[in-house]
Amino acid sequence: MRIAYTTHQFFPEYGAGTEVLTLRTAREMRARGHEAVVFTGYPVKGQFSRENAEDAYEYGGLPVFRFRHSNTWSLLPKNPMEAEYENLFFAGLFRRELRRFRPDVVHFYHLQRVSASAVAVCLELGIPMVYTVTDFWPLCPTNQLLLPDLSLCEGPDGDGANCIAHLAGIHGGAAGRFFRALPPRVLGRLARISGMVPWPERSIPAMAKALAARPGILRERMNRIDAILVATGFMGETLARFGVERERIRRVPFGIPGGDGTSPRAADRGGRETFRAGFIGTLYEHKGAHVVLEALRRLPADLPVEVLLYGDAGWFPSYGERLRCLAGGDGRVRFCGTFPGERTGEVLGGMDVLVVPSLWHENSPLVILEAQRAGVPVIASRVGGTSELIREGENGFLFERGDDGELARILERLCRDGDLVGRLSRNAPAPRTMESYAGEIEGVYRALATGDSVHR
């Protein structure tokens, strides 16, 4: 079979969870004798031209077609807010490349930057579609359902007024202050009125009009995709509340390479004098690394504990500086930088627990599956799909989102009770293998290619 994948960004510059899952799936399909190609977005600042809007390269032998996307500039349509979810310029490039590659199925792992115009192109060409939803982009242009004040969002309201206020709060400026100052009822009325007037494409009312139209267009596109795969029940229910037809949604938990429990387990590493709590991920506010440091400050100074932070502190410089200020030269904090994926087991082997302190509704973080494979207990925020991966008190602990006091109490308890850490480690479930995951995905592809039902 020929399979085309899409994602919002890709290696070598980007390598977070969605990119890793896309790469692993494409490689596994190639190992099974299929052809695979990746179509990806690439974030750029400011303007770009038709001449430099695309390029192609190979990553690990995998062909990659890359499209440049700007949050402030678009070639077609010229309204960048509309192009965020309906990029007609990309649609032309995608149509051309699909006609060349002639895929049997297109599998979306993300549609940000490439936009939902990819769905329309596949419908036009009669190509079956699969969408693995890894975050909340179909509902939220910021992906996270997280408001500027870090409170959780339930998704777009009927007229998109809350989305307009949300983005205004992020981008600031005179326009942002204007929209934030309006009562929700007035803002909703303005959104409806904006939809009736042919505003200039890059004007503020045109942006509001495009944002208000976003939920309806994406809901319609989602309900034209043949199979929508989710890793957690939480994600499935969230999409169903948004209006995605339940019969299209199928739960397919993620897998990881070697996820069969055969790797060394954390309980077998032997004791250490210092208890090590680790964080692995993007060093940005929604991932919550600061919550770990705030919890550390609550612990007794003589408690033998150390915090290892793995991530690029320079990727979001202001947040990186905030973390360094919170650490304040505390010798118990180590900024460890990044590491190649093949070292994940080794890095986890240097921890007693992994902390996943996310402030947003995580879907199914691969790092939790990697930790469970290594037998490392996980302490995580009680949010989203994360709660489905951890059995409280059996293989890890959950704490309320952002509650550094509760996290500190859990860390102190584990630091003082090595037997409890060992028991949690031994109870870590063996996650699904990548081979098992890819096999189920391959079954979906084959059913679509032969016209069989993929729904259960």
# chains A, B, ... in the order shown; residues from 1 in each chain; ligands from 1
call {"tool": "select_by_dssp", "arguments": {"residues": "segment 103-146 of chain A", "states": "alpha helix (DSSP H)", "output": "ChimeraX atom specification"}}
result
/A:117-125
call {"tool": "write_last_selection", "arguments": {"atoms": "N, CA and C atoms", "output": "PDB file, in the first residue's frame"}}
result
ATOM      1  N   SER A 117      -7.982  21.836   4.860  1.00  0.00           N
ATOM      2  CA  SER A 117      -8.132  21.766   3.402  1.00  0.00           C
ATOM      3  C   SER A 117      -7.614  20.429   2.882  1.00  0.00           C
ATOM      4  N   ALA A 118      -6.722  19.779   3.655  1.00  0.00           N
ATOM      5  CA  ALA A 118      -6.240  18.453   3.275  1.00  0.00           C
ATOM      6  C   ALA A 118      -7.393  17.457   3.205  1.00  0.00           C
ATOM      7  N   VAL A 119      -8.380  17.611   4.083  1.00  0.00           N
ATOM      8  CA  VAL A 119      -9.549  16.733   4.065  1.00  0.00           C
ATOM      9  C   VAL A 119     -10.339  16.947   2.774  1.00  0.00           C
ATOM     10  N   ALA A 120     -10.540  18.214   2.402  1.00  0.00           N
ATOM     11  CA  ALA A 120     -11.293  18.512   1.183  1.00  0.00           C
ATOM     12  C   ALA A 120     -10.607  17.950  -0.054  1.00  0.00           C
ATOM     13  N   VAL A 121      -9.279  18.006  -0.090  1.00  0.00           N
ATOM     14  CA  VAL A 121      -8.538  17.475  -1.234  1.00  0.00           C
ATOM     15  C   VAL A 121      -8.724  15.962  -1.327  1.00  0.00           C
ATOM     16  N   CYS A 122      -8.649  15.276  -0.188  1.00  0.00           N
ATOM     17  CA  CYS A 122      -8.836  13.822  -0.204  1.00  0.00           C
ATOM     18  C   CYS A 122     -10.252  13.449  -0.640  1.00  0.00           C
ATOM     19  N   LEU A 123     -11.242  14.214  -0.215  1.00  0.00           N
ATOM     20  CA  LEU A 123     -12.615  13.971  -0.657  1.00  0.00           C
ATOM     21  C   LEU A 123     -12.727  14.146  -2.170  1.00  0.00           C
ATOM     22  N   GLU A 124     -12.109  15.197  -2.675  1.00  0.00           N
ATOM     23  CA  GLU A 124     -12.128  15.472  -4.116  1.00  0.00           C
ATOM     24  C   GLU A 124     -11.493  14.335  -4.906  1.00  0.00           C
ATOM     25  N   LEU A 125     -10.396  13.779  -4.387  1.00  0.00           N
ATOM     26  CA  LEU A 125      -9.667  12.729  -5.103  1.00  0.00           C
ATOM     27  C   LEU A 125     -10.151  11.323  -4.754  1.00  0.00           C
TER      28      LEU A 125
END
call {"tool": "closest_residue", "arguments": {"among": "A:Met129, A:Leu146, A:Ala116, A:Leu303", "to": "Arg446 of chain A", "atoms": "only C-alpha atoms"}}
result
A:Met129
call {"tool": "atom_distance", "arguments": {"atom1": "atom CA of Glu388 of chain A", "atom2": "atom CA of Ile368 of chain A"}}
result
11.1 Å
call {"tool": "closest_residue", "arguments": {"among": "A:Ile441, A:Val38, A:Leu308, A:Val356", "to": "Gly288 of chain A", "atoms": "only C-alpha atoms"}}
result
A:Val356
call {"tool": "closest_atom_pairs", "arguments": {"of": "segment 43-155 of chain A", "to": "segment 216-238 of chain A", "cutoff": "10 Å", "atoms": "only C-alpha atoms", "output": "CSV"}}
result
residue,atom,partner,partner_atom,distance
A:Tyr85,CA,A:Leu218,CA,7.7
A:Glu86,CA,A:Ile217,CA,8.8
A:His107,CA,A:Ala227,CA,9.4
A:Phe108,CA,A:Ile228,CA,9.4
A:Tyr109,CA,A:Leu229,CA,9.6
A:Ser115,CA,A:Leu218,CA,9.7
A:Ala116,CA,A:Arg221,CA,7.0
A:Ser117,CA,A:Arg221,CA,8.7
A:Ala118,CA,A:Arg221,CA,9.6
A:Val119,CA,A:Arg221,CA,6.6
A:Ala120,CA,A:Arg221,CA,7.5
A:Cys122,CA,A:Ile225,CA,9.3
A:Leu123,CA,A:Arg224,CA,8.0
A:Ile127,CA,A:Asp226,CA,9.8
A:Pro128,CA,A:Asp226,CA,6.4
A:Met129,CA,A:Asp226,CA,5.4
A:Val130,CA,A:Ala227,CA,4.9
A:Tyr131,CA,A:Ile228,CA,4.8
A:Thr132,CA,A:Leu229,CA,4.6
A:Val133,CA,A:Val230,CA,5.8
A:Thr134,CA,A:Val230,CA,7.4
A:Asp135,CA,A:Met235,CA,8.2
A:Phe136,CA,A:Met235,CA,8.3
A:Trp137,CA,A:Leu218,CA,9.6
A:Pro138,CA,A:Leu218,CA,6.2
A:Leu139,CA,A:Leu218,CA,7.9
A:Glu154,CA,A:Thr238,CA,8.9
A:Gly155,CA,A:Thr238,CA,9.0
call {"tool": "write_last_selection", "arguments": {"atoms": "N, CA and C atoms", "output": "compact mmCIF listing (two decimals), in the first residue's frame"}}
result
# COMPACT_ATOMS: atom_id res chain seq x y z
N TYR A 85 -7.04 27.14 9.32
CA TYR A 85 -7.79 25.89 9.21
C TYR A 85 -8.26 25.58 7.79
N GLU A 86 -8.10 26.51 6.85
CA GLU A 86 -8.53 26.30 5.48
C GLU A 86 -7.54 26.97 4.54
N HIS A 107 -3.30 9.37 6.19
CA HIS A 107 -3.43 9.30 7.64
C HIS A 107 -2.97 10.62 8.24
N PHE A 108 -3.90 11.36 8.79
CA PHE A 108 -3.57 12.63 9.45
C PHE A 108 -3.18 12.35 10.89
N TYR A 109 -1.97 12.76 11.27
CA TYR A 109 -1.60 12.77 12.68
C TYR A 109 -1.73 14.17 13.26
N SER A 115 -3.63 22.38 7.54
CA SER A 115 -5.04 22.78 7.58
C SER A 115 -5.99 21.69 7.14
N ALA A 116 -7.26 21.89 7.46
CA ALA A 116 -8.30 20.93 7.10
C ALA A 116 -8.63 20.96 5.62
N SER A 117 -7.98 21.84 4.86
CA SER A 117 -8.13 21.77 3.40
C SER A 117 -7.61 20.43 2.88
N ALA A 118 -6.72 19.78 3.66
CA ALA A 118 -6.24 18.45 3.27
C ALA A 118 -7.39 17.46 3.20
N VAL A 119 -8.38 17.61 4.08
CA VAL A 119 -9.55 16.73 4.06
C VAL A 119 -10.34 16.95 2.77
N ALA A 120 -10.54 18.21 2.40
CA ALA A 120 -11.29 18.51 1.18
C ALA A 120 -10.61 17.95 -0.05
N CYS A 122 -8.65 15.28 -0.19
CA CYS A 122 -8.84 13.82 -0.20
C CYS A 122 -10.25 13.45 -0.64
N LEU A 123 -11.24 14.21 -0.21
CA LEU A 123 -12.61 13.97 -0.66
C LEU A 123 -12.73 14.15 -2.17
N ILE A 127 -9.83 9.65 -1.85
CA ILE A 127 -8.85 8.89 -1.08
C ILE A 127 -9.37 8.68 0.34
N PRO A 128 -9.40 7.45 0.85
CA PRO A 128 -9.83 7.20 2.22
C PRO A 128 -8.94 7.92 3.23
N MET A 129 -9.53 8.30 4.36
CA MET A 129 -8.81 9.09 5.35
C MET A 129 -8.92 8.51 6.75
N VAL A 130 -7.81 8.61 7.49
CA VAL A 130 -7.74 8.26 8.91
C VAL A 130 -7.17 9.47 9.64
N TYR A 131 -7.68 9.74 10.82
CA TYR A 131 -7.15 10.86 11.61
C TYR A 131 -6.92 10.38 13.03
N THR A 132 -5.66 10.33 13.45
CA THR A 132 -5.31 10.07 14.84
C THR A 132 -5.21 11.42 15.55
N VAL A 133 -6.12 11.67 16.48
CA VAL A 133 -6.20 12.97 17.14
C VAL A 133 -5.29 12.95 18.35
N THR A 134 -4.23 13.75 18.32
CA THR A 134 -3.24 13.75 19.41
C THR A 134 -3.38 14.94 20.35
N ASP A 135 -4.11 15.98 19.93
CA ASP A 135 -4.41 17.09 20.82
C ASP A 135 -5.74 17.71 20.39
N PHE A 136 -6.03 18.92 20.86
CA PHE A 136 -7.37 19.46 20.69
C PHE A 136 -7.48 20.48 19.56
N TRP A 137 -6.59 20.39 18.57
CA TRP A 137 -6.61 21.35 17.48
C TRP A 137 -7.97 21.44 16.78
N PRO A 138 -8.72 20.34 16.57
CA PRO A 138 -10.02 20.49 15.90
C PRO A 138 -10.97 21.45 16.63
N LEU A 139 -10.80 21.56 17.95
CA LEU A 139 -11.66 22.45 18.73
C LEU A 139 -11.01 23.79 19.01
N GLU A 154 -13.74 24.70 27.83
CA GLU A 154 -14.63 23.62 27.42
C GLU A 154 -14.77 23.54 25.90
N GLY A 155 -14.14 24.44 25.18
CA GLY A 155 -14.27 24.44 23.73
C GLY A 155 -15.06 25.63 23.23
call {"tool": "atom_distance", "arguments": {"atom1": "atom CA of Val367 of chain A", "atom2": "atom CA of Pro429 of chain A"}}
result
13.7 Å
call {"tool": "closest_residue", "arguments": {"among": "A:Arg332, A:Arg426, A:Arg416, A:Arg298", "to": "Asp403 of chain A", "atoms": "only C-alpha atoms"}}
result
A:Arg298
call {"tool": "select_by_dssp", "arguments": {"residues": "segment 198-290 of chain A", "states": "strand (DSSP E or B)", "output": "NGL selection string"}}
result
:A and (227-230 or 249-251 or 256 or 275-280)
call {"tool": "atom_distance", "arguments": {"atom1": "atom CA of Gly402 of chain A", "atom2": "atom CA of Ser151 of chain A"}}
result
10.4 Å
call {"tool": "residues_around", "arguments": {"residues": "segment 45-54 of chain A", "least_positions_apart": "6", "cutoff": "8 Å", "atoms": "only C-alpha atoms", "output": "PyMOL selection string"}}
result
chain A and resi 65-75
